[in-house]
$ cat my_file-v6.pdb   # PDB, C-alpha atoms
ATOM      1  CA  MET T  26     -80.895 -62.491-110.570
ATOM      2  CA  ARG T  27     -80.548 -58.799-111.199
ATOM      3  CA  SER T  28     -78.424 -58.383-108.053
ATOM      4  CA  ALA T  29     -76.047 -61.148-109.188
ATOM      5  CA  ARG T  30     -75.574 -59.458-112.585
ATOM      6  CA  SER T  31     -74.812 -56.144-110.864
ATOM      7  CA  GLN T  32     -72.179 -57.766-108.656
ATOM      8  CA  ARG T  33     -70.539 -59.454-111.644
ATOM      9  CA  ARG T  34     -70.502 -56.138-113.529
ATOM     10  CA  LEU T  35     -68.948 -54.369-110.542
ATOM     11  CA  SER T  36     -66.309 -57.097-110.134
ATOM     12  CA  ARG T  37     -65.431 -56.821-113.832
ATOM     13  CA  LYS T  38     -64.978 -53.034-113.539
ATOM     14  CA  ILE T  39     -62.743 -53.465-110.488
ATOM     15  CA  ARG T  40     -60.573 -56.017-112.325
ATOM     16  CA  GLN T  41     -60.266 -53.689-115.319
ATOM     17  CA  LYS T  42     -59.247 -50.784-113.101
ATOM     18  CA  LYS T  43     -56.601 -52.883-111.353
ATOM     19  CA  GLN T  44     -55.253 -53.993-114.726
ATOM     20  CA  ARG T  45     -54.987 -50.393-115.943
ATOM     21  CA  LEU T  46     -53.104 -49.427-112.755
ATOM     22  CA  ALA T  47     -50.728 -52.368-113.161
ATOM     23  CA  ASP T  48     -50.044 -51.457-116.792
ATOM     24  CA  SER T  49     -49.386 -47.851-115.794
ATOM     25  CA  GLU T  50     -46.884 -48.870-113.097
ATOM     26  CA  GLN T  51     -44.980 -51.094-115.527
ATOM     27  CA  GLN T  52     -44.483 -48.141-117.858
ATOM     28  CA  GLN T  53     -42.988 -45.980-115.088
ATOM     29  CA  THR T  54     -39.236 -45.838-114.417
ATOM     30  CA  PRO T  55     -37.924 -46.888-110.964
ATOM     31  CA  GLU T  56     -37.220 -43.227-110.127
ATOM     32  CA  GLU T  57     -40.856 -42.281-110.896
ATOM     33  CA  ARG T  58     -42.099 -44.950-108.485
ATOM     34  CA  LEU T  59     -40.071 -43.542-105.587
ATOM     35  CA  PRO T  60     -41.921 -41.505-102.946
ATOM     36  CA  SER T  61     -41.920 -37.831-103.864
ATOM     37  CA  THR T  62     -42.086 -36.508-100.317
ATOM     38  CA  PRO T  63     -38.590 -35.704 -98.920
ATOM     39  CA  GLY T  64     -37.644 -36.548 -95.357
ATOM     40  CA  HIS T  65     -37.794 -33.953 -92.611
ATOM     41  CA  HIS T  66     -34.052 -33.349 -92.653
ATOM     42  CA  ARG T  67     -33.562 -33.488 -96.419
ATOM     43  CA  SER T  68     -31.437 -30.585 -97.615
ATOM     44  CA  ILE T  69     -32.985 -27.842 -99.743
ATOM     45  CA  TYR T  70     -29.907 -28.155-101.948
ATOM     46  CA  PHE T  71     -30.856 -31.673-103.043
ATOM     47  CA  SER T  72     -34.487 -31.778-104.144
ATOM     48  CA  SER T  73     -34.076 -34.815-106.420
ATOM     49  CA  PRO T  74     -31.301 -37.139-107.646
ATOM     50  CA  GLU T  75     -31.348 -35.401-111.043
ATOM     51  CA  ASP T  76     -30.759 -31.997-109.412
ATOM     52  CA  ARG T  77     -27.681 -33.113-107.496
ATOM     53  CA  PRO T  78     -24.349 -31.814-108.755
ATOM     54  CA  ALA T  79     -21.815 -34.151-110.279
ATOM     55  CA  ARG T  80     -19.019 -35.446-108.084
ATOM     56  CA  LEU T  81     -15.716 -33.584-108.141
ATOM     57  CA  GLY T  82     -13.007 -35.166-110.262
ATOM     58  CA  PRO T  83      -9.252 -35.577-109.728
ATOM     59  CA  GLU T  84      -8.436 -32.105-111.103
ATOM     60  CA  PHE T  85     -10.120 -30.494-108.089
ATOM     61  CA  PHE T  86      -7.733 -32.170-105.633
ATOM     62  CA  ASP T  87      -4.594 -31.473-107.680
ATOM     63  CA  GLN T  88      -3.629 -28.221-105.943
ATOM     64  CA  PRO T  89      -1.391 -27.229-103.008
ATOM     65  CA  ALA T  90      -2.577 -28.093 -99.511
ATOM     66  CA  VAL T  91      -3.477 -24.541 -98.443
ATOM     67  CA  THR T  92      -5.382 -23.860-101.650
ATOM     68  CA  LEU T  93      -7.227 -27.168-101.333
ATOM     69  CA  ALA T  94      -8.045 -26.496 -97.677
ATOM     70  CA  ARG T  95      -9.672 -23.220 -98.703
ATOM     71  CA  ALA T  96     -11.293 -24.719-101.817
ATOM     72  CA  PHE T  97     -13.106 -27.205 -99.597
ATOM     73  CA  LEU T  98     -14.728 -24.162 -97.971
ATOM     74  CA  GLY T  99     -15.908 -22.756-101.287
ATOM     75  CA  GLN T 100     -12.994 -20.562-102.323
ATOM     76  CA  VAL T 101     -12.539 -22.198-105.702
ATOM     77  CA  LYS T 102     -10.535 -20.742-108.577
ATOM     78  CA  GLU T 103     -13.189 -20.843-111.304
ATOM     79  CA  ASN T 104     -11.633 -18.228-113.623
ATOM     80  CA  PRO T 105      -7.837 -18.204-113.226
ATOM     81  CA  GLY T 106      -5.534 -15.611-114.696
ATOM     82  CA  MET T 107      -7.293 -12.461-113.523
ATOM     83  CA  GLY T 108      -6.828 -10.911-110.140
ATOM     84  CA  HIS T 109      -5.063  -8.592-107.780
ATOM     85  CA  LYS T 110      -3.136  -9.092-104.588
ATOM     86  CA  PRO T 111      -4.727  -9.258-101.131
ATOM     87  CA  SER T 112      -4.214  -6.489 -98.631
ATOM     88  CA  LYS T 113      -1.110  -6.607 -96.475
ATOM     89  CA  ARG T 114      -3.285  -6.910 -93.384
ATOM     90  CA  PHE T 115      -4.868 -10.130 -94.637
ATOM     91  CA  ALA T 116      -1.531 -11.414 -95.892
ATOM     92  CA  ALA T 117      -0.095 -10.841 -92.423
ATOM     93  CA  THR T 118      -2.825 -13.039 -90.973
ATOM     94  CA  VAL T 119      -2.177 -15.975 -93.250
ATOM     95  CA  CYS T 120       1.494 -15.680 -94.227
ATOM     96  CA  GLN T 121       3.342 -14.861 -91.051
ATOM     97  CA  ASP T 122       6.743 -15.672 -92.475
ATOM     98  CA  ARG T 123       8.361 -16.324 -95.849
ATOM     99  CA  ARG T 124       8.113 -20.092 -95.433
ATOM    100  CA  LEU T 125       4.366 -19.823 -96.030
ATOM    101  CA  ARG T 126       4.603 -17.810 -99.253
ATOM    102  CA  TRP T 127       1.828 -18.719-101.651
ATOM    103  CA  PRO T 128       2.613 -20.011-105.152
ATOM    104  CA  GLU T 129       1.349 -17.876-108.011
ATOM    105  CA  ASP T 130      -1.149 -20.491-109.160
ATOM    106  CA  GLN T 131      -3.215 -20.238-105.994
ATOM    107  CA  ALA T 132      -6.797 -18.974-105.866
ATOM    108  CA  VAL T 133      -7.186 -15.429-107.115
ATOM    109  CA  PHE T 134      -8.880 -12.186-106.198
ATOM    110  CA  PRO T 135     -11.361 -11.058-108.862
ATOM    111  CA  ASP T 136     -10.255  -8.237-111.106
ATOM    112  CA  PRO T 137     -12.474  -5.235-110.299
ATOM    113  CA  SER T 138     -12.464  -4.093-113.916
ATOM    114  CA  PRO T 139     -16.108  -4.271-115.132
ATOM    115  CA  GLU T 140     -15.249  -5.330-118.662
ATOM    116  CA  LYS T 141     -13.592  -8.542-117.483
ATOM    117  CA  PRO T 142     -15.596 -11.585-116.327
ATOM    118  CA  GLN T 143     -15.551 -12.222-112.600
ATOM    119  CA  ALA T 144     -14.596 -15.428-110.852
ATOM    120  CA  VAL T 145     -17.541 -17.642-109.954
ATOM    121  CA  CYS T 146     -18.257 -18.067-106.244
ATOM    122  CA  ARG T 147     -19.434 -21.330-104.718
ATOM    123  CA  ASP T 148     -20.634 -22.378-101.325
ATOM    124  CA  ALA T 149     -18.508 -24.921 -99.469
ATOM    125  CA  GLN T 150     -18.105 -28.370-101.028
ATOM    126  CA  VAL T 151     -20.343 -31.218 -99.888
ATOM    127  CA  LEU T 152     -18.992 -34.536 -98.590
ATOM    128  CA  VAL T 153     -21.230 -37.493 -99.442
ATOM    129  CA  ARG T 154     -21.237 -40.931 -97.806
ATOM    130  CA  ARG T 155     -23.323 -43.790 -99.210
ATOM    131  CA  LEU T 156     -23.974 -46.563 -96.688
ATOM    132  CA  ALA T 157     -24.320 -50.249 -97.554
ATOM    133  CA  ASP T 158     -28.134 -50.023 -97.562
ATOM    134  CA  GLY T 159     -28.061 -47.155-100.082
ATOM    135  CA  THR T 160     -28.682 -44.371 -97.561
ATOM    136  CA  GLU T 161     -26.773 -41.209 -98.495
ATOM    137  CA  LEU T 162     -25.445 -38.809 -95.865
ATOM    138  CA  ARG T 163     -24.358 -35.295 -96.817
ATOM    139  CA  GLY T 164     -22.518 -32.517 -95.052
ATOM    140  CA  ARG T 165     -21.097 -29.163 -96.140
ATOM    141  CA  ILE T 166     -17.416 -28.737 -95.216
ATOM    142  CA  VAL T 167     -16.964 -25.771 -92.855
ATOM    143  CA  GLU T 168     -13.527 -26.368 -91.288
ATOM    144  CA  THR T 169     -10.205 -27.753 -92.540
ATOM    145  CA  GLU T 170      -6.508 -27.884 -91.646
ATOM    146  CA  ALA T 171      -3.607 -27.898 -94.108
ATOM    147  CA  TYR T 172      -0.476 -29.998 -93.572
ATOM    148  CA  LEU T 173       2.286 -28.968 -95.953
ATOM    149  CA  GLY T 174       4.473 -32.058 -96.107
ATOM    150  CA  PRO T 175       8.080 -32.787 -95.069
ATOM    151  CA  GLU T 176       8.878 -29.206 -93.985
ATOM    152  CA  ASP T 177       5.803 -29.081 -91.713
ATOM    153  CA  GLU T 178       6.867 -30.211 -88.241
ATOM    154  CA  ALA T 179       3.236 -30.963 -87.334
ATOM    155  CA  ALA T 180       2.644 -33.285 -90.299
ATOM    156  CA  HIS T 181       2.876 -37.071 -90.086
ATOM    157  CA  SER T 182       5.200 -36.799 -93.094
ATOM    158  CA  ARG T 183       7.638 -34.401 -91.412
ATOM    159  CA  GLY T 184      11.199 -34.921 -92.533
ATOM    160  CA  GLY T 185       9.943 -36.873 -95.545
ATOM    161  CA  ARG T 186       9.399 -40.066 -93.604
ATOM    162  CA  GLN T 187       7.109 -42.628 -95.225
ATOM    163  CA  THR T 188       5.539 -45.532 -93.364
ATOM    164  CA  PRO T 189       2.723 -47.976 -94.123
ATOM    165  CA  ARG T 190       0.541 -45.825 -91.869
ATOM    166  CA  ASN T 191       0.993 -42.531 -93.746
ATOM    167  CA  ARG T 192       1.313 -43.920 -97.281
ATOM    168  CA  GLY T 193      -1.907 -42.177 -98.334
ATOM    169  CA  MET T 194      -0.192 -38.792 -97.857
ATOM    170  CA  PHE T 195       2.252 -39.654-100.635
ATOM    171  CA  MET T 196      -0.302 -41.001-103.092
ATOM    172  CA  LYS T 197      -1.999 -38.994-105.848
ATOM    173  CA  PRO T 198      -4.092 -35.946-104.883
ATOM    174  CA  GLY T 199      -7.555 -36.938-103.735
ATOM    175  CA  THR T 200      -6.398 -40.068-101.897
ATOM    176  CA  LEU T 201      -7.893 -40.538 -98.443
ATOM    177  CA  TYR T 202      -5.576 -40.787 -95.447
ATOM    178  CA  VAL T 203      -7.406 -42.161 -92.401
ATOM    179  CA  TYR T 204      -5.567 -42.612 -89.123
ATOM    180  CA  ILE T 205      -6.481 -43.552 -85.565
ATOM    181  CA  ILE T 206      -6.045 -41.341 -82.487
ATOM    182  CA  TYR T 207      -6.266 -42.479 -78.869
ATOM    183  CA  GLY T 208      -6.567 -46.026 -80.156
ATOM    184  CA  MET T 209     -10.264 -45.654 -80.971
ATOM    185  CA  TYR T 210     -11.110 -42.513 -82.994
ATOM    186  CA  PHE T 211     -10.548 -41.852 -86.694
ATOM    187  CA  CYS T 212      -9.554 -38.713 -88.604
ATOM    188  CA  LEU T 213     -10.163 -38.172 -92.323
ATOM    189  CA  ASN T 214      -7.591 -36.444 -94.537
ATOM    190  CA  VAL T 215      -7.338 -35.868 -98.288
ATOM    191  CA  SER T 216      -3.957 -35.824-100.030
ATOM    192  CA  SER T 217      -3.069 -32.749-102.068
ATOM    193  CA  GLN T 218      -0.401 -31.594-104.473
ATOM    194  CA  GLY T 219       3.085 -32.180-103.058
ATOM    195  CA  ALA T 220       4.533 -35.350-101.558
ATOM    196  CA  GLY T 221       3.374 -35.851 -97.982
ATOM    197  CA  ALA T 222       0.897 -32.937 -98.018
ATOM    198  CA  CYS T 223      -2.772 -33.286 -97.129
ATOM    199  CA  VAL T 224      -5.858 -31.564 -95.732
ATOM    200  CA  LEU T 225      -7.664 -32.677 -92.575
ATOM    201  CA  LEU T 226     -11.465 -32.361 -92.677
ATOM    202  CA  ARG T 227     -12.382 -31.004 -89.245
ATOM    203  CA  ALA T 228     -16.102 -30.206 -89.344
ATOM    204  CA  LEU T 229     -19.242 -30.457 -91.463
ATOM    205  CA  GLU T 230     -22.627 -28.794 -91.473
ATOM    206  CA  PRO T 231     -25.038 -31.773 -91.676
ATOM    207  CA  LEU T 232     -27.373 -31.480 -94.663
ATOM    208  CA  GLU T 233     -28.971 -34.857 -95.258
ATOM    209  CA  GLY T 234     -29.440 -37.991 -93.163
ATOM    210  CA  LEU T 235     -29.213 -36.290 -89.767
ATOM    211  CA  GLU T 236     -31.130 -38.996 -87.903
ATOM    212  CA  THR T 237     -28.865 -41.690 -89.315
ATOM    213  CA  MET T 238     -25.834 -39.611 -88.301
ATOM    214  CA  ARG T 239     -27.274 -39.302 -84.808
ATOM    215  CA  GLN T 240     -27.776 -43.065 -84.551
ATOM    216  CA  LEU T 241     -24.228 -43.737 -85.725
ATOM    217  CA  ARG T 242     -22.813 -41.236 -83.224
ATOM    218  CA  ASN T 243     -24.877 -42.619 -80.350
ATOM    219  CA  SER T 244     -23.797 -46.183 -81.095
ATOM    220  CA  LEU T 245     -20.138 -45.197 -80.681
ATOM    221  CA  ARG T 246     -20.309 -42.697 -77.830
ATOM    222  CA  LYS T 247     -19.033 -43.787 -74.443
ATOM    223  CA  SER T 248     -20.259 -40.837 -72.394
ATOM    224  CA  THR T 249     -23.377 -38.729 -71.784
ATOM    225  CA  VAL T 250     -25.512 -41.836 -72.304
ATOM    226  CA  GLY T 251     -29.175 -41.034 -72.789
ATOM    227  CA  ARG T 252     -28.713 -37.441 -73.944
ATOM    228  CA  SER T 253     -29.726 -36.836 -77.543
ATOM    229  CA  LEU T 254     -27.090 -35.118 -79.636
ATOM    230  CA  LYS T 255     -27.951 -31.704 -81.000
ATOM    231  CA  ASP T 256     -27.585 -31.153 -84.741
ATOM    232  CA  ARG T 257     -24.550 -28.903 -84.278
ATOM    233  CA  GLU T 258     -22.804 -31.653 -82.291
ATOM    234  CA  LEU T 259     -23.042 -34.313 -84.972
ATOM    235  CA  CYS T 260     -19.977 -33.393 -87.076
ATOM    236  CA  SER T 261     -18.245 -30.604 -85.111
ATOM    237  CA  GLY T 262     -14.832 -32.255 -84.943
ATOM    238  CA  PRO T 263     -12.702 -34.627 -87.050
ATOM    239  CA  SER T 264     -13.555 -37.784 -85.083
ATOM    240  CA  LYS T 265     -17.220 -36.844 -84.692
ATOM    241  CA  LEU T 266     -17.356 -36.401 -88.459
ATOM    242  CA  CYS T 267     -15.988 -39.903 -89.001
ATOM    243  CA  GLN T 268     -18.429 -41.431 -86.510
ATOM    244  CA  ALA T 269     -21.406 -39.664 -88.081
ATOM    245  CA  LEU T 270     -20.456 -40.875 -91.575
ATOM    246  CA  ALA T 271     -19.319 -44.367 -90.516
ATOM    247  CA  ILE T 272     -15.786 -43.787 -91.773
ATOM    248  CA  ASP T 273     -13.059 -46.015 -90.365
ATOM    249  CA  LYS T 274      -9.608 -47.323 -91.268
ATOM    250  CA  SER T 275     -11.047 -49.326 -94.181
ATOM    251  CA  PHE T 276     -11.350 -46.021 -96.081
ATOM    252  CA  ASP T 277      -7.603 -45.369 -95.929
ATOM    253  CA  GLN T 278      -5.993 -44.946 -99.369
ATOM    254  CA  ARG T 279      -9.303 -44.835-101.225
ATOM    255  CA  ASP T 280      -9.681 -42.448-104.163
ATOM    256  CA  LEU T 281     -12.182 -39.696-103.318
ATOM    257  CA  ALA T 282     -12.622 -38.982-107.034
ATOM    258  CA  GLN T 283     -13.590 -42.584-107.872
ATOM    259  CA  ASP T 284     -14.938 -44.336-104.769
ATOM    260  CA  GLU T 285     -18.570 -45.484-104.736
ATOM    261  CA  ALA T 286     -19.087 -45.102-100.978
ATOM    262  CA  VAL T 287     -17.667 -41.614-100.406
ATOM    263  CA  TRP T 288     -17.181 -38.632-102.698
ATOM    264  CA  LEU T 289     -17.284 -34.849-102.944
ATOM    265  CA  GLU T 290     -19.841 -32.636-104.701
ATOM    266  CA  HIS T 291     -19.775 -28.937-105.571
ATOM    267  CA  GLY T 292     -21.700 -26.647-103.295
ATOM    268  CA  PRO T 293     -24.323 -24.444-104.982
ATOM    269  CA  LEU T 294     -23.319 -21.277-106.797
ATOM    270  CA  GLU T 295     -23.422 -18.184-104.596
ATOM    271  CA  SER T 296     -23.241 -14.450-105.202
ATOM    272  CA  SER T 297     -20.361 -14.090-102.745
ATOM    273  CA  SER T 298     -17.586 -16.240-101.367
ATOM    274  CA  PRO T 299     -17.811 -17.228 -97.692
ATOM    275  CA  ALA T 300     -15.641 -15.246 -95.290
ATOM    276  CA  VAL T 301     -12.911 -17.630 -94.135
ATOM    277  CA  VAL T 302     -10.829 -17.326 -90.968
ATOM    278  CA  ALA T 303      -7.185 -18.471 -90.893
ATOM    279  CA  ALA T 304      -6.118 -19.602 -87.411
ATOM    280  CA  ALA T 305      -3.656 -21.895 -85.665
ATOM    281  CA  ARG T 306      -4.281 -25.622 -85.942
ATOM    282  CA  ILE T 307      -5.812 -27.553 -83.051
ATOM    283  CA  GLY T 308      -3.882 -29.965 -80.819
ATOM    284  CA  ILE T 309      -0.470 -29.228 -82.319
ATOM    285  CA  GLY T 310       2.311 -29.597 -79.775
ATOM    286  CA  HIS T 311       6.104 -29.991 -79.933
ATOM    287  CA  ALA T 312       6.161 -28.583 -83.475
ATOM    288  CA  GLY T 313       8.182 -25.428 -82.812
ATOM    289  CA  GLU T 314       7.170 -22.449 -84.892
ATOM    290  CA  TRP T 315       4.649 -24.586 -86.767
ATOM    291  CA  THR T 316       2.437 -24.739 -83.696
ATOM    292  CA  GLN T 317       1.073 -21.264 -84.354
ATOM    293  CA  LYS T 318       1.054 -21.246 -88.145
ATOM    294  CA  PRO T 319      -2.390 -20.088 -89.401
ATOM    295  CA  LEU T 320      -3.137 -23.272 -91.303
ATOM    296  CA  ARG T 321      -6.618 -23.994 -89.954
ATOM    297  CA  PHE T 322      -9.437 -22.507 -92.004
ATOM    298  CA  TYR T 323     -13.099 -22.200 -91.115
ATOM    299  CA  VAL T 324     -16.211 -20.398 -92.296
ATOM    300  CA  LEU T 325     -16.721 -17.244 -90.255
ATOM    301  CA  GLY T 326     -19.898 -17.339 -88.162
ATOM    302  CA  SER T 327     -20.690 -21.000 -88.820
ATOM    303  CA  PRO T 328     -22.231 -22.678 -85.739
ATOM    304  CA  TRP T 329     -20.943 -26.045 -86.987
ATOM    305  CA  VAL T 330     -17.233 -25.240 -86.501
ATOM    306  CA  SER T 331     -15.401 -27.192 -83.783
ATOM    307  CA  VAL T 332     -13.421 -24.321 -82.234
ATOM    308  CA  VAL T 333     -13.530 -20.577 -82.973
ATOM    309  CA  ASP T 334     -10.570 -18.209 -82.639
ATOM    310  CA  ARG T 335     -11.776 -14.689 -81.807
ATOM    311  CA  VAL T 336      -8.357 -13.084 -82.243
ATOM    312  CA  ALA T 337      -7.912 -14.602 -85.695
ATOM    313  CA  GLU T 338     -11.431 -13.533 -86.632
ATOM    314  CA  GLN T 339     -10.639  -9.920 -85.805
ATOM    315  CA  MET T 340      -7.605 -10.034 -88.086
ATOM    316  CA  SER T 341      -9.231 -11.744 -91.047
ATOM    317  CA  GLN T 342     -11.284  -8.825 -92.374
ATOM    318  CA  PRO T 343     -14.832 -10.173 -92.110
ATOM    319  CA  GLN T 344     -16.203  -7.280 -94.217
ATOM    320  CA  GLN T 345     -15.429  -8.863 -97.565
ATOM    321  CA  THR T 346     -17.055  -8.178-100.905
ATOM    322  CA  ALA T 347     -18.062 -10.839-103.387
ATOM    323  CA  CYS T 348     -15.291 -13.393-103.766
ATOM    324  CA  SER T 349     -12.824 -10.958-102.169
ATOM    325  CA  ASP T 350     -11.028 -13.564-100.112
ATOM    326  CA  ARG T 351      -9.244 -15.233-103.036
ATOM    327  CA  LEU T 352      -5.472 -15.322-102.744
ATOM    328  CA  PHE T 353      -3.285 -14.694-105.778
ATOM    329  CA  ASN T 354       0.118 -14.258-104.229
ATOM    330  CA  CYS T 355       1.393 -13.715-100.724
ATOM    331  CA  PRO T 356       3.684 -10.672-100.675
ATOM    332  CA  GLU T 357       6.441 -10.292 -98.146
ATOM    333  CA  VAL T 358       5.025  -8.750 -94.998
ATOM    334  CA  LYS T 359       7.257  -6.080 -93.559
TER     335      LYS T 359
END

$ encode --input "my_file-v6.pdb" --output "structure tokens"
Amino acid sequence: MRSARSQRRLSRKIRQKKQRLADSEQQQTPEERLPSTPGHHRSIYFSSPEDRPARLGPEFFDQPAVTLARAFLGQVKENPGMGHKPSKRFAATVCQDRRLRWPEDQAVFPDPSPEKPQAVCRDAQVLVRRLADGTELRGRIVETEAYLGPEDEAAHSRGGRQTPRNRGMFMKPGTLYVYIIYGMYFCLNVSSQGAGACVLLRALEPLEGLETMRQLRNSLRKSTVGRSLKDRELCSGPSKLCQALAIDKSFDQRDLAQDEAVWLEHGPLESSSPAVVAAARIGIGHAGEWTQKPLRFYVLGSPWVSVVDRVAEQMSQPQQTACSDRLFNCPEVK
């Protein structure tokens, strides 16, 4: 008899405890019920959804192609109107003739005067891809190429020609232009200021969702079967980037400032701007003088870049002070 009463008392306590736990869970928000332990490859920059920076809006993309190509790498004009001109040596690297003169509203050098506020430096921008199952993949942009529009003999819009294929290049800044190469690979571009101008995204540093990226790459690779891809191989090229993020032709003409499946976020604030190399674009042939124009930009020393150019690196003044690589105006190089 006494044993039966003890069992009933114990059962009642267990039921009460379960009820208290159930009531507690109902009072929690969905975010509070999520696991708190991040995955092995989760980026240190994104500790929780609340900590993640807001997506970049249309004003970010509304700038000339060269400025946008560099802004993707973190050289953002945060405090316009103050600055001084770059050295002639650096100008010679980037502006090799008068056709590549920079407009005055491009990114600026900080004014060294201590009484004036300095421009804010950011790390490279982060490209985000949300898959159908809700998985988010993130990568920091480390390499870009600028295509300047009708005058650029290497651009798909050279001569001002418009076709259904390249329509995204002529749409508002921030529009995606996705095209196919070799009949099977995709390349991702973002339209900029100026009709027919855009920026090709060439490489990312993977930050979040690396295993998913690896699976997506492996499912589409046709060679080196059985070999696991290294982290630095996941997004080190324009087509690899698209494979790793599951980006195909269906993304053509989407708005990067509004789309729910792909967008751009600010990189974290930094004390100094990344050193950026200006080099010739990759795979440009039959484009005359435009073949060697220094319109490819990449973060100096990044192991995630697709191709490095040692000669260009020697000319691009790697010893730069905080935010010292911001262009205000490209003087004539004599």

$ resolve_selection --input "my_file-v6.pdb" --expression "the PyMOL selection byres ((chain T and resi 256) around 12)" --output "JSON, numbers by chain"
{"T": [66, 164, 229, 230, 231, 232, 233, 234, 235, 236, 237, 238, 239, 240, 242, 253, 254, 255, 257, 258, 259, 260, 261, 265, 269, 328, 329]}

$ closest_residue --input "my_file-v6.pdb" --among "T:Asn214, T:Thr188, T:Thr200, T:Asn243" --to "Phe85 (chain T)" --atoms "all atoms listed in the file"
T:Thr200

$ residues_near_point --input "my_file-v6.pdb" --point "(-23.2, -18.4, -94.9)" --cutoff "9 Å" --atoms "only C-alpha atoms" --output "list in words"
Asp148, Ser298, Pro299, Ala300, Val324, Leu325, Gly326 and Ser327 of chain T

$ atom_distance --input "my_file-v6.pdb" --atom1 "CA of Leu226 (chain T)" --atom2 "CA of Leu213 (chain T)"
6.0 Å

$ residues_around --input "my_file-v6.pdb" --residues "region 86-96 of chain T" --least-positions-apart "6" --cutoff "6 Å" --atoms "all atoms listed in the file" --output "PyMOL selection string"
chain T and resi 169+171+198-199+217-218+223-224

$ closest_residue --input "my_file-v6.pdb" --among "T:Gly193, T:Gly99, T:Gly308, T:Pro263" --to "Arg227 (chain T)" --atoms "all atoms listed in the file"
T:Pro263

$ resolve_selection --input "my_file-v6.pdb" --expression "the PyMOL selection byres ((chain T and resi 161) around 10)" --output "list in words"
Val153, Arg154, Arg155, Leu156, Ala157, Asp158, Gly159, Thr160, Leu162, Arg163, Glu233, Gly234, Thr237, Leu270, Ala286 and Val287 of chain T

$ closest_residue --input "my_file-v6.pdb" --among "T:Ser216, T:Gln150, T:Ser331, T:Gln317" --to "Gly174 (chain T)" --atoms "only C-alpha atoms"
T:Ser216

$ resolve_selection --input "my_file-v6.pdb" --expression "the PyMOL selection byres ((chain T and resi 276) around 12)" --output "PyMOL selection string"
chain T and resi 154+193+200-205+211-215+267+270-275+277-281+284-288

$ atom_distance --input "my_file-v6.pdb" --atom1 "CA of Ala305 (chain T)" --atom2 "CA of Ala149 (chain T)"
20.5 Å

$ axis_aligned_box --input "my_file-v6.pdb" --around "region 187-206 of chain T" --padding-each-side "3 Å" --output "AutoDock Vina command-line options"
--center_x -0.4 --center_y -42.0 --center_z -94.2 --size_x 21.0 --size_y 18.0 --size_z 29.4

$ decode --input "my_file-v6.pdb" --residues "region 201-218 of chain T" --atoms "C-alpha atoms" --output "PDB file, in the first residue's frame"
ATOM      1  CA  LEU T 201      22.376  40.357 -61.878  1.00  0.00           C
ATOM      2  CA  TYR T 202      23.735  39.351 -65.275  1.00  0.00           C
ATOM      3  CA  VAL T 203      24.333  35.592 -65.461  1.00  0.00           C
ATOM      4  CA  TYR T 204      25.697  34.039 -68.632  1.00  0.00           C
ATOM      5  CA  ILE T 205      26.906  30.613 -69.716  1.00  0.00           C
ATOM      6  CA  ILE T 206      30.428  29.757 -70.902  1.00  0.00           C
ATOM      7  CA  TYR T 207      31.480  26.555 -72.655  1.00  0.00           C
ATOM      8  CA  GLY T 208      27.824  25.578 -72.748  1.00  0.00           C
ATOM      9  CA  MET T 209      27.817  24.394 -69.133  1.00  0.00           C
ATOM     10  CA  TYR T 210      29.354  26.893 -66.668  1.00  0.00           C
ATOM     11  CA  PHE T 211      27.846  30.100 -65.294  1.00  0.00           C
ATOM     12  CA  CYS T 212      29.376  33.482 -64.447  1.00  0.00           C
ATOM     13  CA  LEU T 213      27.801  36.031 -62.099  1.00  0.00           C
ATOM     14  CA  ASN T 214      27.931  39.766 -62.829  1.00  0.00           C
ATOM     15  CA  VAL T 215      26.335  42.805 -61.192  1.00  0.00           C
ATOM     16  CA  SER T 216      25.292  45.817 -63.268  1.00  0.00           C
ATOM     17  CA  SER T 217      26.702  49.201 -62.290  1.00  0.00           C
ATOM     18  CA  GLN T 218      26.245  52.842 -63.167  1.00  0.00           C
TER      19      GLN T 218
END
